[in-house]
Every structure is written in C-alpha cells, then in structure tokens.
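Written below as structure tokens is the structure these notes are about.
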Amino acid sequence: MEPKKTIFTERPALIEPEGSVARINFDIEESTEVVNQGEGQEAETRTVFLAHIVRVEQPLTVDRIKAALLEAGFDEYKAEEQAALTLLSEVQNGKPVGDEVALARRIALARINAYDQSDEVNGFAIGQVKTWLPAEKRAQLKQRFLTEQAHNVETSNLVFEELGVAVPLAPDAGLQMLDTLEFYAIQCYDRTASHKAAVAQLTDVSAILNYDYKAGYPEQPVFGE
C-alpha cells in the first residue's frame with residue numbers, strides 16, 4: 001500500500017526547495033473538500049490538491065531520490081520511475097544533472113518491470129479462483145502431480161493457501177495445467193525482454209516515454225470454464 005497523500009490548497013510544483021533539502025511532490029490530483037457545513041446549511045467546498053511527497057538532500061540525484069522513496073514505503077519500480085522522472089524534469093528545465101535519453105530509458109524500463117511483475121501479467125483463473133503460481137511453486141506442484149500419477153491417485157487438490165481455497169483436480173489435469181502455465185510464462189518473459197530491447201534502441205525521449213509496454217502479452221490462461 002502506498003503512503004497517504006498530503007493535502008495542498010494550491011497545486012504544488014514538482015520540486016520545491018526547503019533550505020538544504022528539496023520537497024518532491026508527485027502523483028498530484030485535484031479534489032474537492034468540504035470546508036463548512038452547518039446543520040441545515042448548504043455545504044461549502046474548495047478545490048484542493050493531493051500529492052505524495054518526499055524530502056531529499058540537495059543536490060538531487062536519482063539514487064538519493066530513489067532511496068527517499070524506498071524509505072517512504074514505495075516499491076522498487078515506483079521509486080525508480082519517479083526518481084528518474086524528477087531528474088528528467090530538471091534536465092528539461094536546463095539543469096545539467098543527467099542525460100535526458102538515459103533518464104527516459106530508466107523510466108520506461110521501470111514501467112516495463114512493474115507491469116511484468118503485476119497481476120495484469122502474472123495471473124490465471126481456475127474455476128472462480130484468480131491467482132498465480134510462481135516458478136518455484138509450479139516446479140513443486142509438477143513433482144507432486146507426477147508422484148500422485150505414478151501411484152494412481154485419481155483426485156488431487158490444488159491448494160491456494162493465501163486464498164484459503166482448495167481446487168480438486170486429477171493429477172493428469174494438473175500436469176496439463178502446469179504445462180500451459182509454463183508456456184504462458186515463457187511467452188510473457190519473451191515479450192518483456194523484447195520491450196526492453198526495443199526501448200534500448202530508441203533515442204527520441206517522447207517515443208521512449210510513450211512506449212506501449214503493455215502491448216503483445218498473451219491472454220491469461222483460464223481453466224475449468
């Protein structure tokens with residue numbers, strides 16, 4: 001879960017100096033806040049702005065900003081993306097604090113990695129259950145189903161401990177499911193690798209930042225429809 005946003009009465013700038021540190025305001029969104037509502041009176045509202053903030057020692061660097069974001073509770077890829085975005089803004093405002101193309105690539109790669117690790121990619125459905133099995137878990141289940149198959153077990157159970165659900169299925173069906181998942185995982189891995197390679201070849205900052213890193217992934221497998 002991301003940290004709670006701070007409320008501002010005026011739209012904050014991305015970077016605002018505060019002595020020896022800089023306050024970085026990001027993911028800014030406009031909202032409406034009730035400021036006065038007495039009994040029987042019409043509510044008065046005002047426009048406010050919500051933003052995540054971190055404070056970073058100056059001079060700003062990607063590593064310093066990223067460390068502050070990680071300490072604040074943001075995940076690795078969000079921290080990498082926002083740190084590079086912040087420095088890119090500085091470069092585009094004329095400050096010699098980094099290479100524009102290199103920073104844009106870092107942003108795109110962070111987005112690619114985040115999507116690759118998300119539920120949008122890592123997921124499948126079996127009956128009414130939507131979940132995912134990491135590579136290690138798939139290997140463990142394959143060994144289990146092979147052992148049960150060798151002992152003529154007719155019905156096994158696929159247990160999703162985190163969901164508190166057990167799905168009965170034959171070992172043969174379990175092995176077929178795992179084979180499908182393994183092929184799906186390979187396709188996703190290859191697609192992610194191709195996106196990274198494509199970004200590495202781009203030199204136009206706008207093209208890099210607008211790169212469609214979600215394109216080309218296969219549909220998530222569905223079993224037991």
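By convention here, the chains of the structure tokens are called A, B, ... in the order presented, each chain's residues are numbered starting at 1, and ligands are numbered starting at 1 in the order presented.
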Identify, with DSSP run on backbone atoms, the residues in segment 5-220 of chain A assigned to alpha helix (DSSP H), and express the list as a count of residues only.
-> 97
What's the 6 Å shell around segment 84-93 of chain A, counting only C-alpha atoms, without same-chain residues fewer than 3 positions away, as number ranges by chain?
-> A: 62, 81, 96, 103, 107
Within 6 Å of segment 212-223 of chain A: each segment 62-151 of chain A residue with its shortest pair, only C-alpha atoms, as CSV:
```
residue,atom,partner,partner_atom,distance
A:Ile112,CA,A:Tyr213,CA,5.7
A:Phe124,CA,A:Pro221,CA,5.0
A:Ala125,CA,A:Val222,CA,4.7
A:Ile126,CA,A:Phe223,CA,4.6
```
Selected residues, C-alpha atoms, written as a short mmCIF file (atom, residue, chain, number, x, y, z; two decimals), in the first residue's frame, please.
```
data_model
loop_
_atom_site.label_atom_id
_atom_site.label_comp_id
_atom_site.auth_asym_id
_atom_site.auth_seq_id
_atom_site.Cartn_x
_atom_site.Cartn_y
_atom_site.Cartn_z
CA ILE A 112 8.12 -2.44 -18.07
CA PHE A 124 -4.71 -17.18 -14.38
CA ALA A 125 -8.18 -18.38 -13.49
CA ILE A 126 -9.25 -21.84 -12.43
#
```
Just the strand (DSSP E or B) stuff from segment 142-215 of chain A, please, per backbone DSSP, written as a list in words.
-> Ser156, Asn157, Leu158, Val159, Phe160, Val165, Ala166, Val167, Pro168 and Leu169 of chain A
Nearby residues (only C-alpha atoms) at most 10 Å from Leu133 of chain A, same-chain spacing under 3 positions excluded, as a list in words | Asn122, Gly123, Phe124, Glu136, Lys137, Arg138, Ala139, Leu141, Phe160, Leu178, Leu181 and Glu182 of chain A
Pull C-alpha atoms from the residues just selected and write them as a short mmCIF file (atom, residue, chain, number, x, y, z; two decimals), in the first residue's frame.
```
data_model
loop_
_atom_site.label_atom_id
_atom_site.label_comp_id
_atom_site.auth_asym_id
_atom_site.auth_seq_id
_atom_site.Cartn_x
_atom_site.Cartn_y
_atom_site.Cartn_z
CA ASN A 122 1.06 -12.85 -13.50
CA GLY A 123 -2.32 -14.47 -13.26
CA PHE A 124 -4.71 -17.18 -14.38
CA GLU A 136 9.19 -22.45 -7.71
CA LYS A 137 5.62 -23.37 -6.79
CA ARG A 138 4.95 -24.71 -10.30
CA ALA A 139 8.01 -26.96 -10.01
CA LEU A 141 3.35 -28.99 -7.93
CA PHE A 160 -4.17 -21.84 -2.63
CA LEU A 178 1.15 -26.55 -15.36
CA LEU A 181 1.16 -22.02 -17.36
CA GLU A 182 4.82 -22.70 -18.12
#
```
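The list of residues with at least one atom within 12 Å of Val34 of chain A, based on only C-alpha atoms and without residues fewer than 4 positions apart in the same chain, reads A:Gly38, A:Glu42, A:Ala43, A:Glu44, A:Thr45, A:Arg46, A:Thr47, A:Val48.
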Kindly save the residues from that selection, with N, CA, C and O atoms included, as a compact mmCIF listing (two decimals), in the first residue's frame.
```
# COMPACT_ATOMS: atom_id res chain seq x y z
N GLY A 38 -22.85 23.58 8.14
CA GLY A 38 -23.64 23.61 9.35
C GLY A 38 -24.96 22.88 9.15
O GLY A 38 -25.37 22.59 8.02
N GLU A 42 -26.24 24.63 3.22
CA GLU A 42 -25.63 24.02 2.06
C GLU A 42 -24.11 23.94 2.27
O GLU A 42 -23.49 24.87 2.78
N ALA A 43 -23.52 22.84 1.88
CA ALA A 43 -22.09 22.63 2.09
C ALA A 43 -21.27 23.59 1.25
O ALA A 43 -21.59 23.85 0.08
N GLU A 44 -20.21 24.12 1.86
CA GLU A 44 -19.24 24.93 1.13
C GLU A 44 -18.03 24.05 0.81
O GLU A 44 -17.59 23.26 1.66
N THR A 45 -17.53 24.18 -0.38
CA THR A 45 -16.41 23.35 -0.79
C THR A 45 -15.27 24.20 -1.32
O THR A 45 -15.45 25.38 -1.64
N ARG A 46 -14.11 23.59 -1.42
CA ARG A 46 -12.97 24.26 -2.02
C ARG A 46 -12.16 23.21 -2.79
O ARG A 46 -12.24 22.00 -2.50
N THR A 47 -11.41 23.66 -3.75
CA THR A 47 -10.54 22.78 -4.51
C THR A 47 -9.22 22.59 -3.77
O THR A 47 -8.63 23.57 -3.28
N VAL A 48 -8.81 21.35 -3.64
CA VAL A 48 -7.53 21.04 -3.01
C VAL A 48 -6.75 20.11 -3.94
O VAL A 48 -7.29 19.58 -4.91
```
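Shortest atom-to-atom contact with Glu30 of chain A among A:Arg144, A:Lys5, A:Lys66, A:His195: A:Lys5, counting only C-alpha atoms.
If you measure from each of A:Leu202, A:Leu109, A:Ala22, A:Ile15 to Gln58 of chain A using only C-alpha atoms, the closest one turns out to be A:Ala22.
Taking atom CA of Ser156 of chain A as the reference point, atom CA of Val129 of chain A is found at 16.6 Å.
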So which residues touch Lys78 of chain A within 9 Å, counting only C-alpha atoms, skipping near sequence neighbours fewer than 2 positions away, as an NGL selection string?
-> :A and (66 or 69-70 or 74-76 or 80-83 or 110-111 or 114)
Sorted by chain and rising residue number, which residues of segment 99-175 of chain A lie within 9 Å of segment 189-192 of chain A, and what are their closest atom pairs and distances in Å to one decimal, counting only C-alpha atoms, as a Markdown table?
```
| residue | atom | partner | partner_atom | distance |
| --- | --- | --- | --- | --- |
| A:Ile112 | CA | A:Thr192 | CA | 7.0 |
| A:Asn113 | CA | A:Thr192 | CA | 7.8 |
| A:Tyr115 | CA | A:Thr192 | CA | 8.9 |
| A:Asp116 | CA | A:Thr192 | CA | 6.6 |
```
Could you write out the selected residues, including N, CA, C and O atoms, as an mmCIF file, in the first residue's frame?
```
data_model
loop_
_atom_site.group_PDB
_atom_site.id
_atom_site.type_symbol
_atom_site.label_atom_id
_atom_site.label_comp_id
_atom_site.auth_asym_id
_atom_site.auth_seq_id
_atom_site.Cartn_x
_atom_site.Cartn_y
_atom_site.Cartn_z
ATOM 1 N N ILE A 112 8.147 -1.085 -17.507
ATOM 2 C CA ILE A 112 8.117 -2.442 -18.073
ATOM 3 C C ILE A 112 8.241 -3.474 -16.964
ATOM 4 O O ILE A 112 7.474 -4.451 -16.906
ATOM 5 N N ASN A 113 9.195 -3.277 -16.066
ATOM 6 C CA ASN A 113 9.406 -4.233 -14.973
ATOM 7 C C ASN A 113 8.208 -4.291 -14.027
ATOM 8 O O ASN A 113 7.819 -5.368 -13.559
ATOM 9 N N TYR A 115 5.076 -3.652 -14.758
ATOM 10 C CA TYR A 115 3.975 -4.351 -15.426
ATOM 11 C C TYR A 115 4.248 -5.850 -15.493
ATOM 12 O O TYR A 115 3.342 -6.663 -15.277
ATOM 13 N N ASP A 116 5.491 -6.204 -15.755
ATOM 14 C CA ASP A 116 5.880 -7.609 -15.827
ATOM 15 C C ASP A 116 5.611 -8.338 -14.506
ATOM 16 O O ASP A 116 5.288 -9.528 -14.503
#
```
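Between Lys196 of chain A and the residues A:Phe8, A:Arg106, A:Ser118, A:Tyr184, the shortest atom-to-atom distance, using only C-alpha atoms, involves A:Arg106.
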